[in-house]
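For reference, coords-v1.cif (mmCIF, C-alpha atoms and all ligand atoms):
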data_query
#
loop_
_atom_site.label_atom_id
_atom_site.label_comp_id
_atom_site.auth_asym_id
_atom_site.auth_seq_id
_atom_site.Cartn_x
_atom_site.Cartn_y
_atom_site.Cartn_z
CA MET X 1 -3.03 35.94 8.78
CA SER X 2 -1.46 32.61 9.53
CA HIS X 3 0.57 31.91 12.64
CA THR X 4 3.10 29.60 11.18
CA PRO X 5 4.96 27.70 13.84
CA PHE X 6 8.36 27.56 12.19
CA THR X 7 10.99 26.20 14.52
CA THR X 8 14.68 26.91 15.06
CA LEU X 9 15.59 23.82 17.04
CA GLY X 10 17.24 21.86 14.22
CA GLY X 11 20.72 23.13 15.04
CA THR X 12 21.59 24.14 11.46
CA LEU X 13 19.98 26.15 8.69
CA THR X 14 19.24 23.11 6.56
CA VAL X 15 17.85 20.97 9.37
CA ASP X 16 15.54 23.87 10.28
CA PHE X 17 14.50 23.90 6.64
CA LEU X 18 13.64 20.18 6.79
CA ASN X 19 11.43 20.96 9.78
CA THR X 20 9.19 23.19 7.68
CA PHE X 21 7.36 19.92 7.10
CA GLN X 22 5.73 18.98 10.38
CA MET X 23 3.19 16.84 12.11
CA GLN X 24 0.42 18.82 13.83
CA GLN X 25 -2.41 17.03 15.61
CA GLY X 26 -1.80 13.87 13.63
CA GLN X 27 -1.70 15.65 10.28
CA GLN X 28 1.31 16.26 8.07
CA VAL X 29 1.55 20.00 7.48
CA ASP X 30 3.67 21.80 4.91
CA LEU X 31 4.57 25.19 6.33
CA LEU X 32 5.90 26.43 2.98
CA GLU X 33 2.60 26.94 1.22
CA THR X 34 3.23 30.34 -0.31
CA GLN X 35 6.08 32.61 -1.37
CA ALA X 36 5.34 34.73 1.71
CA ASP X 37 5.96 31.68 3.92
CA VAL X 38 9.45 31.35 2.42
CA VAL X 39 10.15 35.00 3.20
CA ARG X 40 8.88 34.58 6.78
CA TRP X 41 11.11 31.55 7.20
CA LEU X 42 14.11 33.55 5.93
CA ASP X 43 13.27 36.31 8.43
CA LEU X 44 13.30 33.78 11.25
CA MET X 45 16.63 32.36 10.09
CA VAL X 46 18.11 35.87 10.21
CA ALA X 47 16.61 36.42 13.67
CA SER X 48 18.14 33.13 14.87
CA GLN X 49 21.48 34.07 13.27
CA LYS X 50 21.59 31.14 10.89
CA LEU X 51 21.51 33.53 7.95
CA ALA X 52 23.18 36.93 7.68
CA PRO X 53 20.96 39.84 6.55
CA VAL X 54 23.16 40.19 3.46
CA GLN X 55 22.45 36.55 2.51
CA LYS X 56 18.72 37.06 2.90
CA ALA X 57 18.89 40.25 0.85
CA GLN X 58 20.63 38.37 -1.97
CA ILE X 59 18.03 35.56 -1.92
CA LEU X 60 15.25 38.15 -2.06
CA THR X 61 16.65 39.77 -5.22
CA ASP X 62 14.49 37.18 -6.99
CA GLN X 63 11.30 36.43 -5.08
CA GLY X 64 9.77 34.07 -7.60
CA PHE X 65 10.46 31.01 -5.48
CA SER X 66 9.68 27.61 -6.92
CA LEU X 67 7.90 25.94 -4.04
CA ASP X 68 8.02 22.65 -5.95
CA GLN X 69 11.82 22.73 -6.16
CA LEU X 70 12.18 23.71 -2.51
CA ARG X 71 9.83 20.90 -1.43
CA GLU X 72 11.64 18.40 -3.64
CA PHE X 73 14.97 19.30 -2.04
CA ARG X 74 13.43 19.00 1.43
CA LEU X 75 11.82 15.65 0.62
CA GLU X 76 15.05 14.23 -0.76
CA CYS X 77 17.05 15.33 2.32
CA ARG X 78 14.43 13.81 4.61
CA ARG X 79 14.53 10.61 2.58
CA PHE X 80 18.33 10.45 2.88
CA LEU X 81 18.06 10.77 6.64
CA HIS X 82 15.13 8.40 6.98
CA LEU X 83 16.97 5.69 5.04
CA HIS X 84 20.24 6.37 6.93
CA GLN X 85 22.04 6.88 3.64
CA PRO X 86 25.80 7.35 3.95
CA PHE X 87 27.11 10.92 3.75
CA GLU X 88 29.35 10.54 0.73
CA PRO X 89 26.77 9.93 -2.03
CA MET X 90 24.96 13.02 -0.86
CA VAL X 91 27.96 15.27 -1.43
CA SER X 92 27.79 15.34 -5.23
CA TRP X 93 24.01 15.73 -5.15
CA MET X 94 24.35 18.70 -2.79
CA ALA X 95 27.30 20.20 -4.68
CA HIS X 96 25.15 20.33 -7.80
CA PHE X 97 22.93 22.94 -6.08
CA VAL X 98 25.95 25.08 -5.31
CA ASP X 99 26.98 24.78 -8.98
CA GLN X 100 23.61 26.27 -10.00
CA SER X 101 24.36 29.42 -8.02
CA PRO X 102 28.03 29.48 -7.03
CA LEU X 103 29.06 31.26 -3.87
CA THR X 104 31.14 34.34 -3.44
CA PHE X 105 32.58 35.25 -0.06
CA ARG X 106 32.38 38.58 1.65
CA PHE X 107 33.86 39.89 4.86
CA ASN X 108 31.03 40.43 7.33
CA GLY X 109 32.63 42.29 10.23
CA HIS X 110 33.07 40.50 13.53
CA LYS X 111 30.91 37.62 12.24
CA GLY X 112 33.69 36.63 9.86
CA VAL X 113 33.16 35.66 6.26
CA VAL X 114 29.74 35.13 4.75
CA ALA X 115 28.87 33.10 1.64
CA ILE X 116 26.74 34.90 -0.94
CA PRO X 117 25.19 32.94 -3.82
CA ILE X 118 25.57 34.72 -7.15
CA LYS X 119 21.87 34.21 -7.96
CA GLY X 120 18.90 35.00 -5.77
CA GLY X 121 15.60 33.16 -5.52
CA THR X 122 15.29 29.39 -5.47
CA ALA X 123 18.77 28.76 -6.90
CA GLY X 124 20.37 31.02 -4.30
CA LEU X 125 18.47 29.55 -1.39
CA LEU X 126 19.17 25.97 -2.47
CA SER X 127 22.83 26.82 -2.90
CA LEU X 128 23.05 28.13 0.67
CA LEU X 129 21.10 25.17 2.06
CA ALA X 130 23.38 22.76 0.21
CA TYR X 131 26.49 24.61 1.39
CA ASP X 132 25.23 24.46 4.97
CA TRP X 133 24.91 20.68 4.60
CA LEU X 134 28.30 20.29 2.90
CA LYS X 135 29.96 22.05 5.83
CA LEU X 136 28.85 19.22 8.13
CA LYS X 137 31.43 16.68 9.13
CA PRO X 138 30.39 13.08 8.41
CA VAL X 139 30.10 12.55 12.17
CA ASP X 140 27.67 15.50 12.44
CA TYR X 141 25.62 14.00 9.65
CA LEU X 142 25.35 10.77 11.64
CA ASN X 143 24.16 12.85 14.60
CA ILE X 144 21.17 14.30 12.77
CA LYS X 145 18.46 12.53 14.64
CA LYS X 146 14.70 12.27 14.42
CA CYS X 147 12.70 13.27 17.49
CA GLU X 148 11.77 10.22 19.57
CA ASN X 149 8.17 11.29 19.81
CA PRO X 150 6.65 8.94 17.21
CA HIS X 151 4.06 11.61 16.37
CA CYS X 152 6.70 14.24 15.57
CA MET X 153 8.58 14.57 12.28
CA ALA X 154 11.29 16.97 13.45
CA TYR X 155 14.99 16.36 12.95
CA PHE X 156 17.76 17.97 14.98
CA LEU X 157 21.52 17.92 15.23
CA ASN X 158 22.20 15.87 18.33
CA VAL X 159 25.41 17.56 19.42
CA SER X 160 25.50 16.11 22.95
CA GLY X 161 24.52 12.64 21.79
CA ARG X 162 21.95 12.54 24.60
CA ARG X 163 19.15 14.67 23.23
CA LYS X 164 16.01 12.66 22.56
CA TRP X 165 13.40 15.21 21.63
CA CYS X 166 13.21 18.20 19.35
CA ALA X 167 11.93 20.24 22.32
CA MET X 168 11.44 19.29 25.94
CA GLU X 169 8.42 21.61 26.35
CA THR X 170 6.48 19.85 23.64
CA CYS X 171 7.66 16.37 22.75
CA GLY X 172 9.80 15.61 25.83
CA ASN X 173 7.17 16.35 28.43
CA ARG X 174 4.46 14.71 26.38
CA GLN X 175 6.44 11.48 26.14
CA LYS X 176 7.34 11.57 29.83
CA SER X 177 3.75 12.06 30.96
CA TYR X 178 2.60 9.34 28.56
CA ARG X 179 5.11 6.92 30.07
CA HIS X 180 4.03 7.95 33.57
CA TYR X 181 0.38 7.34 32.63
CA ARG X 182 1.23 3.85 31.34
CA LYS X 183 3.11 3.08 34.54
CA VAL X 184 0.32 4.28 36.83
CA ARG X 185 -2.43 2.59 34.82
CA LYS X 186 -0.24 -0.46 34.10
CA VAL X 187 -1.02 -0.15 30.41
CA PRO X 188 0.82 -2.95 28.65
CA SER X 189 3.44 -1.93 26.12
CA ALA X 190 2.35 -2.17 22.52
ZN ZN X 201 9.50 16.42 18.50
#
Target encoding structure tokens, full file:
Amino acid sequence: MSHTPFTTLGGTLTVDFLNTFQMQQGQQVDLLETQADVVRWLDLMVASQKLAPVQKAQILTDQGFSLDQLREFRLECRRFLHLHQPFEPMVSWMAHFVDQSPLTFRFNGHKGVVAIPIKGGTAGLLSLLAYDWLKLKPVDYLNIKKCENPHCMAYFLNVSGRRKWCAMETCGNRQKSYRHYRKVRKVPSA
């Protein structure tokens, strides 16, 4: 039984998905190792209200996830962000994933309208991830920021413009105590 530390601090569904690739104790760790990991991640996205149960149910109509395709999508998104690529060229690349499993829209009670991909499985999940990204405004895209802890690989949507760390409890406090240590010990800056 693994205790996979998925996180929900990315601010959007797709940024949370990018954070399924993490740094733990100096090692790069892929949290999507098995089909069951994908299902657990979907459960967490429902619990954090980034996916509606009806969207998860549609994705799970085909549980033969291609982990390679999901990882490739994640890697390419991370590369776009890392290289500070402009938003526009990404739009057609993302839209292609929606084309593979077009969306239908369903009324979902007080939560409004929910997008349902016509196919389940990998195509459906990628379609919803791409749609989540395409809903960003270009300014939001510019505000997707990497955590300032150099040993962390997490991205997050920096809505306030002031957020520096993915999580204060982990990266924020660690960086603050490190800086305090350097000050007290007069460790020269690298
Ligand atoms: Zn962090």
- Message: Please report the interatomic distance between atom CA of Phe17 of chain X and atom CA of Gln100 of chain X in Å with one decimal.
- Response: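 Atom-to-atom, atom CA of Phe17 of chain X to atom CA of Gln100 of chain X, that is 19.1 Å.
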- Item | segment 5-10 of chain X surroundings by only C-alpha atoms, 12 Å radius, close-in-sequence under 6 positions cut, as a count of residues only | 47
- Shortest contact to ligand ZN 201 (chain X), candidates X:Arg162, X:Lys119, X:His151, X:Arg74, atoms counted only C-alpha atoms and all ligand atoms, goes to X:His151
- Work out how far atom CA of Ser92 of chain X is from atom CA of Phe73 of chain X, in Å to one decimal.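 So the answer is 13.8 Å.
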- atom CA of Ser127 of chain X to atom CA of Val54 of chain X: how many Å, to one decimal?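 Taking atom CA of Ser127 of chain X as the start and atom CA of Val54 of chain X as the end point, the length is 14.8 Å.
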- Around the point (27.5, 35.4, 11.7) in the file's coordinates, collect all residues with an atom within 8 Å, using only C-alpha atoms, and return them as a PyMOL selection string. chain X and resi 49-52+108+110-114
- Item | Contact residues around Trp133 of chain X with only C-alpha atoms at 10 Å, ignoring same-chain residues under 4 positions, as number ranges by chain | X: 12-15, 77, 90-91, 94-95, 127-129, 137, 140-141
- Message: Using all atoms listed in the file, can you tell me which of X:Gln55, X:Asn149, X:Gly109, X:Leu142 comes closest to His84 of chain X?
- Response: X:Leu142
- Would you mind telling me which residue in X:Lys164, X:Lys135, X:Arg106, X:Arg71 lies nearest to ligand ZN 201 (chain X) when using all atoms listed in the file?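 The shortest atom-to-atom distance to ligand ZN 201 (chain X) comes from X:Lys164.
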- Item | Residue nearest Leu126 of chain X - candidates X:Glu33, X:Glu148, X:Glu88, X:Glu72, atoms counted: all atoms listed in the file |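 That would be X:Glu72, the residue with the smallest distance to Leu126 of chain X.
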- Message: List as a ChimeraX atom specification the protein and nucleic acid residues near Phe65 of chain X, meaning an atom at most 6 Å away when all atoms listed in the file are counted, but skip any in the same chain fewer than 2 places from it.
- Response: /X:63,67,121-122
- Find the residue from X:Leu60, X:Leu75, X:Val98, X:Ile116 that sits nearest to Ala36 of chain X; use only C-alpha atoms when measuring. X:Leu60
- Using all atoms listed in the file, which residue out of X:Leu136, X:Asn173, X:Pro117, X:Pro150 lies closest to Thr61 of chain X? X:Pro117
